[in-house]
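> So I've got this file, coords.txt, and it contains compact mmCIF, C-alpha atoms:
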```txt
# COMPACT_ATOMS: atom_id res chain seq x y z
CA MET A 1 -20.81 9.50 -14.99
CA PRO A 2 -21.49 5.74 -14.64
CA GLY A 3 -24.73 4.32 -13.29
CA PRO A 4 -25.17 2.28 -10.08
CA GLU A 5 -24.86 -0.99 -12.03
CA VAL A 6 -21.04 -0.60 -11.99
CA LEU A 7 -21.14 -1.58 -8.31
CA LEU A 8 -22.03 -5.12 -9.39
CA TYR A 9 -18.37 -5.62 -10.26
CA GLY A 10 -16.94 -2.69 -8.30
CA LEU A 11 -17.84 -4.11 -4.89
CA PRO A 12 -16.34 -7.61 -5.30
CA LEU A 13 -13.19 -6.18 -6.89
CA ALA A 14 -12.84 -3.67 -4.04
CA PHE A 15 -13.22 -6.56 -1.58
CA LEU A 16 -10.49 -8.54 -3.38
CA ALA A 17 -8.22 -5.49 -3.47
CA GLY A 18 -8.65 -4.99 0.28
CA PHE A 19 -7.79 -8.62 0.94
CA ILE A 20 -4.55 -8.69 -1.05
CA ASP A 21 -3.52 -5.21 0.12
CA ALA A 22 -3.81 -6.27 3.77
CA VAL A 23 -1.67 -9.34 3.10
CA ALA A 24 1.05 -7.98 0.82
CA GLY A 25 0.15 -4.50 -0.47
CA GLY A 26 -0.67 -3.70 -4.08
CA GLY A 27 -4.45 -3.32 -3.80
CA GLY A 28 -4.29 -0.30 -6.09
CA THR A 29 -3.41 -2.59 -9.00
CA ILE A 30 -7.07 -3.69 -8.84
CA THR A 31 -8.96 -0.59 -7.69
CA LEU A 32 -7.38 1.96 -10.02
CA PRO A 33 -8.10 0.03 -13.27
CA THR A 34 -11.61 -0.72 -11.95
CA LEU A 35 -12.37 2.97 -11.44
CA PHE A 36 -10.94 3.84 -14.86
CA PHE A 37 -13.10 1.14 -16.44
CA MET A 38 -16.15 2.74 -14.85
CA GLY A 39 -15.52 5.84 -16.95
CA LEU A 40 -14.27 8.28 -14.31
CA SER A 41 -11.83 11.02 -15.22
CA PRO A 42 -8.18 10.57 -14.09
CA ALA A 43 -8.65 13.14 -11.31
CA GLN A 44 -11.81 11.38 -10.10
CA VAL A 45 -10.07 8.00 -10.22
CA VAL A 46 -7.13 9.08 -8.06
CA ALA A 47 -9.29 10.97 -5.55
CA THR A 48 -11.95 8.25 -5.25
CA ASN A 49 -9.28 5.57 -4.90
CA LYS A 50 -7.83 7.41 -1.90
CA LEU A 51 -11.31 7.59 -0.38
CA LEU A 52 -11.81 3.84 -0.50
CA ALA A 53 -8.17 3.14 0.38
CA ILE A 54 -8.45 4.78 3.79
CA PHE A 55 -11.22 2.30 4.65
CA GLY A 56 -9.10 -0.69 3.65
CA SER A 57 -5.80 0.44 5.12
CA GLY A 58 -7.57 1.66 8.26
CA SER A 59 -9.36 -1.63 8.92
CA ALA A 60 -6.18 -3.65 8.22
CA THR A 61 -4.20 -1.39 10.55
CA TYR A 62 -6.78 -1.93 13.29
CA GLN A 63 -6.57 -5.72 12.95
CA PHE A 64 -2.76 -5.82 13.04
CA TRP A 65 -2.60 -3.19 15.81
CA ARG A 66 -5.01 -4.95 18.17
CA LYS A 67 -3.11 -8.25 17.83
CA GLY A 68 0.25 -6.67 18.60
CA ASN A 69 1.64 -6.96 15.08
CA VAL A 70 2.61 -3.30 14.79
CA GLU A 71 5.85 -1.99 16.29
CA ARG A 72 4.21 1.19 17.54
CA THR A 73 7.31 2.92 18.95
CA LEU A 74 9.02 2.67 15.56
CA VAL A 75 6.08 3.31 13.23
CA LEU A 76 4.91 6.42 15.09
CA ARG A 77 8.38 7.88 14.52
CA LEU A 78 8.19 7.10 10.80
CA ILE A 79 4.75 8.51 10.02
CA PRO A 80 5.77 12.22 10.01
CA LEU A 81 8.65 11.46 7.63
CA ALA A 82 6.39 9.45 5.33
CA LEU A 83 3.86 12.31 5.24
CA ALA A 84 6.59 14.84 4.48
CA GLY A 85 7.90 12.59 1.71
CA ALA A 86 4.41 12.18 0.24
CA ALA A 87 3.93 15.95 0.15
CA LEU A 88 7.27 16.38 -1.62
CA GLY A 89 6.42 13.61 -4.09
CA ALA A 90 3.09 15.23 -4.95
CA TYR A 91 4.92 18.53 -5.50
CA LEU A 92 7.56 16.95 -7.77
CA VAL A 93 4.87 15.56 -10.09
CA HIS A 94 4.51 19.08 -11.48
CA PHE A 95 8.15 19.15 -12.60
CA VAL A 96 9.14 15.57 -13.45
CA ALA A 97 7.11 13.18 -15.63
CA PRO A 98 6.32 10.03 -13.58
CA ASP A 99 6.30 7.90 -16.75
CA SER A 100 10.05 8.32 -17.04
CA PHE A 101 10.52 6.36 -13.81
CA ARG A 102 7.95 3.59 -14.30
CA THR A 103 10.28 1.10 -16.01
CA LEU A 104 13.05 1.69 -13.46
CA VAL A 105 10.68 1.16 -10.52
CA GLY A 106 9.26 -1.95 -12.22
CA VAL A 107 12.76 -3.44 -12.45
CA VAL A 108 13.48 -2.53 -8.82
CA ILE A 109 10.33 -4.18 -7.50
CA LEU A 110 11.08 -7.35 -9.47
CA LEU A 111 14.55 -7.44 -7.91
CA VAL A 112 12.99 -6.92 -4.47
CA GLY A 113 10.59 -9.81 -5.10
CA ALA A 114 13.42 -12.05 -6.28
CA LEU A 115 15.44 -11.31 -3.14
CA VAL A 116 12.48 -12.15 -0.92
CA LEU A 117 11.84 -15.46 -2.71
CA VAL A 118 15.43 -16.62 -3.23
CA ASN A 119 16.36 -16.10 0.42
CA LYS A 120 14.18 -18.74 2.09
CA ARG A 121 14.67 -17.31 5.57
CA PHE A 122 13.96 -13.72 4.57
CA GLY A 123 10.85 -12.50 6.39
CA THR A 124 10.09 -15.83 8.05
CA GLU A 125 11.81 -15.06 11.36
CA ASP A 126 11.36 -12.10 13.68
CA ARG A 127 14.87 -10.70 14.19
CA TYR A 128 13.90 -7.14 15.13
CA PRO A 129 16.65 -5.86 17.45
CA GLY A 130 14.73 -2.83 18.74
CA LEU A 131 15.34 0.86 18.11
CA THR A 132 19.04 0.54 17.38
CA ALA A 133 21.09 2.99 15.34
CA ARG A 134 21.07 0.53 12.43
CA THR A 135 17.29 0.15 12.52
CA LEU A 136 16.71 3.88 12.54
CA ALA A 137 19.34 4.49 9.86
CA LEU A 138 17.43 2.11 7.59
CA THR A 139 13.82 3.00 8.37
CA LEU A 140 13.90 6.78 8.88
CA PRO A 141 15.19 7.68 5.41
CA GLY A 142 13.33 4.66 4.00
CA ALA A 143 9.99 5.99 5.27
CA PHE A 144 10.67 9.37 3.69
CA VAL A 145 11.59 7.84 0.31
CA ILE A 146 8.58 5.48 0.36
CA GLY A 147 6.29 8.38 1.23
CA MET A 148 7.77 10.43 -1.60
CA TYR A 149 7.22 7.54 -4.01
CA ASP A 150 3.62 7.25 -2.84
CA GLY A 151 2.99 10.92 -3.53
CA PHE A 152 4.87 10.86 -6.82
CA LEU A 153 3.83 7.58 -8.45
CA GLY A 154 2.14 5.20 -6.00
CA PRO A 155 1.84 1.58 -7.24
CA GLY A 156 3.44 -0.88 -4.82
CA THR A 157 3.97 1.54 -1.94
CA GLY A 158 2.84 -0.99 0.65
CA THR A 159 4.90 -3.72 -0.99
CA PHE A 160 8.07 -1.60 -0.80
CA ALA A 161 7.28 -0.72 2.82
CA MET A 162 6.96 -4.40 3.73
CA PHE A 163 10.38 -5.06 2.20
CA MET A 164 11.90 -2.22 4.24
CA PHE A 165 10.50 -3.58 7.51
CA ALA A 166 11.62 -7.12 6.63
CA LEU A 167 15.14 -5.78 6.06
CA ALA A 168 14.92 -4.20 9.52
CA GLY A 169 14.36 -7.69 10.98
CA PHE A 170 10.59 -8.14 11.18
CA ASN A 171 8.86 -11.25 9.90
CA LEU A 172 6.47 -10.66 7.02
CA VAL A 173 3.37 -10.63 9.22
CA LYS A 174 4.73 -7.83 11.41
CA SER A 175 6.22 -6.15 8.35
CA GLY A 176 2.70 -6.15 6.90
CA GLY A 177 1.25 -4.64 10.07
CA ASN A 178 3.87 -1.89 10.12
CA ALA A 179 3.46 -1.23 6.40
CA ARG A 180 -0.35 -1.02 6.61
CA THR A 181 -0.09 1.49 9.47
CA LEU A 182 2.39 3.64 7.56
CA ASN A 183 0.28 3.39 4.40
CA PHE A 184 -2.87 4.35 6.30
CA ALA A 185 -1.19 7.56 7.44
CA THR A 186 -0.12 8.48 3.89
CA ASN A 187 -3.54 7.52 2.51
CA LEU A 188 -5.22 9.74 5.09
CA GLY A 189 -2.93 12.64 4.23
CA ALA A 190 -3.64 12.21 0.52
CA PHE A 191 -7.37 11.90 1.21
CA LEU A 192 -7.41 15.27 2.98
CA PHE A 193 -5.50 16.81 0.08
CA PHE A 194 -7.88 15.42 -2.55
CA LEU A 195 -10.89 16.33 -0.41
CA ILE A 196 -10.13 19.98 -1.07
CA GLY A 197 -10.13 19.36 -4.82
CA GLY A 198 -13.71 18.12 -4.84
CA GLN A 199 -13.07 15.28 -7.32
CA MET A 200 -14.24 12.36 -5.18
CA VAL A 201 -17.21 10.36 -6.41
CA TRP A 202 -18.71 9.66 -3.00
CA TRP A 203 -21.52 7.34 -4.05
CA LEU A 204 -18.89 5.00 -5.54
CA GLY A 205 -16.10 5.49 -3.02
CA LEU A 206 -18.13 4.90 0.13
CA PRO A 207 -19.69 1.50 -0.75
CA MET A 208 -16.47 0.35 -2.41
CA GLY A 209 -14.59 1.55 0.68
CA ALA A 210 -16.85 -0.58 2.87
CA ALA A 211 -16.17 -3.61 0.65
CA ASN A 212 -12.45 -2.80 0.70
CA ALA A 213 -12.52 -2.66 4.50
CA LEU A 214 -14.23 -6.05 4.75
CA GLY A 215 -11.64 -7.58 2.42
CA ALA A 216 -8.81 -5.97 4.36
CA THR A 217 -10.17 -7.29 7.66
CA LEU A 218 -10.27 -10.82 6.26
CA GLY A 219 -6.84 -10.45 4.65
CA ALA A 220 -5.20 -9.20 7.83
CA ARG A 221 -6.72 -12.01 9.88
CA MET A 222 -5.67 -14.57 7.29
CA ALA A 223 -2.11 -13.24 7.25
CA MET A 224 -1.85 -13.49 11.03
CA LEU A 225 -3.47 -16.93 11.05
CA ARG A 226 -1.45 -18.47 8.21
CA GLY A 227 1.85 -16.78 8.99
CA SER A 228 4.81 -15.52 6.99
CA GLY A 229 4.83 -18.42 4.51
CA PHE A 230 1.37 -17.49 3.29
CA VAL A 231 2.27 -13.80 3.13
CA LYS A 232 5.41 -14.61 1.16
CA ALA A 233 3.44 -16.52 -1.50
CA VAL A 234 0.93 -13.67 -1.91
CA TYR A 235 3.79 -11.17 -1.91
CA ALA A 236 5.33 -12.87 -4.95
CA VAL A 237 2.07 -12.57 -6.91
CA ILE A 238 1.64 -8.92 -5.95
CA VAL A 239 5.19 -8.07 -7.02
CA LEU A 240 4.42 -9.44 -10.49
CA LEU A 241 1.11 -7.55 -10.71
CA VAL A 242 2.68 -4.26 -9.63
CA ALA A 243 5.59 -4.72 -12.06
CA MET A 244 3.20 -5.47 -14.95
CA ARG A 245 1.21 -2.34 -14.17
CA LEU A 246 4.35 -0.22 -14.09
CA PHE A 247 5.66 -1.67 -17.35
CA PHE A 248 2.47 -1.74 -19.40
CA VAL A 249 -0.05 0.76 -18.00
CA ARG A 250 0.41 4.46 -18.72
```
Take the structure in the file and give it back as C-alpha cells.

Amino acid sequence: MPGPEVLLYGLPLAFLAGFIDAVAGGGGTITLPTLFFMGLSPAQVVATNKLLAIFGSGSATYQFWRKGNVERTLVLRLIPLALAGAALGAYLVHFVAPDSFRTLVGVVILLVGALVLVNKRFGTEDRYPGLTARTLALTLPGAFVIGMYDGFLGPGTGTFAMFMFALAGFNLVKSGGNARTLNFATNLGAFLFFLIGGQMVWWLGLPMGAANALGATLGARMAMLRGSGFVKAVYAVIVLLVAMRLFFVR
C-alpha cells in the first residue's frame, strides 16, 4: 500500500483528468495509469477510479445541468438503457477477453475523431430536432451499446457518448453535457457494484475525487464559455490519448 506522499502527484493529475473529462471525456486515460503507478492492485485501481470518477462526472453534470446544456427529456430516457448495458458488459467480461477488442475499438475511435475533425460543421451547430423517431432510433440503442462498452472495457466511454449526441444534432457543448450526465449514471452504478467488493482505497479516492470534481467544474465552465470550437480541439487530443491507451496498454 502506498504512503500519503503519492497524493503530491495524485491530486494534480486527478484535477487535470477532471478538467479534460468534463470537456471531451477520456479522464480515465490519466487516472487509471496514475493509480497503477501508485502500486494498487488491478481490483483496487478499477474500484478506486470509480470512486473518484463519480465526483468528477457528478460535478460536471451539475454545471452543465444548471446552465441548460443537458437535454433532460432525452437523457433521462437513456439512463436505464445505459445501466442495463453496463451490467451486461460487466457480465460478458467473464466470458470474452477484453484485450481481443482493444485494437478494434482503437481503430473505431480514431475514425470517429477523424470524422469530427474533417467535417468542419460537425458539432458546431445545434440541430437537435427533438424527440423524433430518428433521434430515438439512434440514441436508445446507442446508449445501451455505450453502457455495455463501459462495463466491458471502459476507455473513451464519454468520448463515444459525445459523438453519439453530436450525430443526433447537438453541438459539442450540449453533447458534452448529455454525455457527462449519462456517464455519471453509469459511474454511479459501477460505484455501487464495486462498493460491495470492498476494494476501494478510500483515503486515496476521496481526496483525488475532490480534486477531480474541482477540475471537472472548471472544465465544464470552460467548455460552456469557449464553445464548441474549444471542445472540438480538446476532443481531438483525447481521441489520440484514448487510442494510444487501447493500442499500447494491456
> Considering all atoms listed in the file, give me a table of residues in range 137-207 of chain A that are at most 12 Å from range 34-54 of chain A, with the closest atom pair and distance in Å for each, as JSON lines.

```
{"residue": "A:Asp150", "atom": "CA", "partner": "A:Lys50", "partner_atom": "CA", "distance": 11.5}
{"residue": "A:Gly151", "atom": "CA", "partner": "A:Val46", "partner_atom": "CA", "distance": 11.2}
{"residue": "A:Leu153", "atom": "CA", "partner": "A:Val46", "partner_atom": "CA", "distance": 11.1}
{"residue": "A:Gly154", "atom": "CA", "partner": "A:Val46", "partner_atom": "CA", "distance": 10.3}
{"residue": "A:Pro155", "atom": "CA", "partner": "A:Val46", "partner_atom": "CA", "distance": 11.7}
{"residue": "A:Gly158", "atom": "CA", "partner": "A:Ala53", "partner_atom": "CA", "distance": 11.8}
{"residue": "A:Arg180", "atom": "CA", "partner": "A:Ile54", "partner_atom": "CA", "distance": 10.4}
{"residue": "A:Thr181", "atom": "CA", "partner": "A:Ile54", "partner_atom": "CA", "distance": 10.6}
{"residue": "A:Leu182", "atom": "CA", "partner": "A:Ile54", "partner_atom": "CA", "distance": 11.5}
{"residue": "A:Asn183", "atom": "CA", "partner": "A:Ile54", "partner_atom": "CA", "distance": 8.9}
{"residue": "A:Phe184", "atom": "CA", "partner": "A:Ile54", "partner_atom": "CA", "distance": 6.1}
{"residue": "A:Ala185", "atom": "CA", "partner": "A:Ile54", "partner_atom": "CA", "distance": 8.6}
{"residue": "A:Thr186", "atom": "CA", "partner": "A:Ile54", "partner_atom": "CA", "distance": 9.1}
{"residue": "A:Asn187", "atom": "CA", "partner": "A:Ile54", "partner_atom": "CA", "distance": 5.8}
{"residue": "A:Leu188", "atom": "CA", "partner": "A:Ile54", "partner_atom": "CA", "distance": 6.1}
{"residue": "A:Gly189", "atom": "CA", "partner": "A:Lys50", "partner_atom": "CA", "distance": 9.4}
{"residue": "A:Ala190", "atom": "CA", "partner": "A:Lys50", "partner_atom": "CA", "distance": 6.8}
{"residue": "A:Phe191", "atom": "CA", "partner": "A:Lys50", "partner_atom": "CA", "distance": 5.5}
{"residue": "A:Leu192", "atom": "CA", "partner": "A:Leu51", "partner_atom": "CA", "distance": 9.2}
{"residue": "A:Phe193", "atom": "CA", "partner": "A:Ala47", "partner_atom": "CA", "distance": 9.0}
{"residue": "A:Phe194", "atom": "CA", "partner": "A:Ala47", "partner_atom": "CA", "distance": 5.5}
{"residue": "A:Leu195", "atom": "CA", "partner": "A:Ala47", "partner_atom": "CA", "distance": 7.6}
{"residue": "A:Ile196", "atom": "CA", "partner": "A:Ala47", "partner_atom": "CA", "distance": 10.1}
{"residue": "A:Gly197", "atom": "CA", "partner": "A:Ala47", "partner_atom": "CA", "distance": 8.5}
{"residue": "A:Gly198", "atom": "CA", "partner": "A:Ala47", "partner_atom": "CA", "distance": 8.4}
{"residue": "A:Gln199", "atom": "CA", "partner": "A:Gln44", "partner_atom": "CA", "distance": 5.0}
{"residue": "A:Met200", "atom": "CA", "partner": "A:Thr48", "partner_atom": "CA", "distance": 4.7}
{"residue": "A:Val201", "atom": "CA", "partner": "A:Thr48", "partner_atom": "CA", "distance": 5.8}
{"residue": "A:Trp202", "atom": "CA", "partner": "A:Thr48", "partner_atom": "CA", "distance": 7.3}
{"residue": "A:Trp203", "atom": "CA", "partner": "A:Thr48", "partner_atom": "CA", "distance": 9.7}
{"residue": "A:Leu204", "atom": "CA", "partner": "A:Thr48", "partner_atom": "CA", "distance": 7.7}
{"residue": "A:Gly205", "atom": "CA", "partner": "A:Leu52", "partner_atom": "CA", "distance": 5.2}
{"residue": "A:Leu206", "atom": "CA", "partner": "A:Leu52", "partner_atom": "CA", "distance": 6.4}
{"residue": "A:Pro207", "atom": "CA", "partner": "A:Leu52", "partner_atom": "CA", "distance": 8.2}
```
> Using all atoms listed in the file for the distances, tell me which of A:Leu225, A:Ala168, A:Leu214, A:Val70 is nearest to Phe122 in chain A.
A:Ala168
> Between A:Gly177, A:Thr31, A:Ala87, A:Phe163, which has the minimum distance to Phe144 in chain A (counting only C-alpha atoms)?
A:Ala87
> A:Phe152, A:Thr73, A:Gly58, A:Leu172: which is nearest Val96 in chain A, counting only C-alpha atoms?
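Ranked by minimum distance to Val96 in chain A, first place goes to A:Phe152.
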> Taking all atoms listed in the file into account, name the residue in A:Tyr62, A:Phe230, A:Phe55, A:Phe170 that is nearest to Thr135 in chain A.
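The shortest atom-to-atom distance to Thr135 in chain A comes from A:Phe170.
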> How many Å lie between CA of Gln63 in chain A and CA of Leu241 in chain A, rounded to one decimal?
24.9 Å
> Excluding Gly147 in chain A and any residue of its chain fewer than 6 positions from it, enumerate the residues within 7 Å of it, using only C-alpha atoms, and give them as a VMD selection string.
chain A and resid 82 to 83 85 to 86 186
> Could you tell me how far CA of Arg127 in chain A sits from CA of Ala22 in chain A, in Å to one decimal place?
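CA of Arg127 in chain A lies 21.8 Å from CA of Ala22 in chain A.
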> Could you state the separation of CA of Ala220 in chain A and CA of Ala179 in chain A in Å, given to one decimal place?
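So the two atoms, CA of Ala220 in chain A and CA of Ala179 in chain A, lie 11.9 Å apart.
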> Please determine, counting only C-alpha atoms, which residue among A:Ile30, A:Ala133, A:Leu140, A:Ala233 has the shortest atom-to-atom distance to Val75 in chain A.
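Nearest to Val75 in chain A: A:Leu140.
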> Counting only C-alpha atoms, what is within 12 Å of Gly227 in chain A, bar same-chain residues fewer than 3 positions away, as a PyMOL selection string?
chain A and resi 23+69+123-126+171-176+219-224+230-234
> Smallest atom-to-atom distance to Arg245 in chain A: which of A:Gly156, A:Gly142, A:Gly209, A:Gly89, using only C-alpha atoms?
A:Gly156
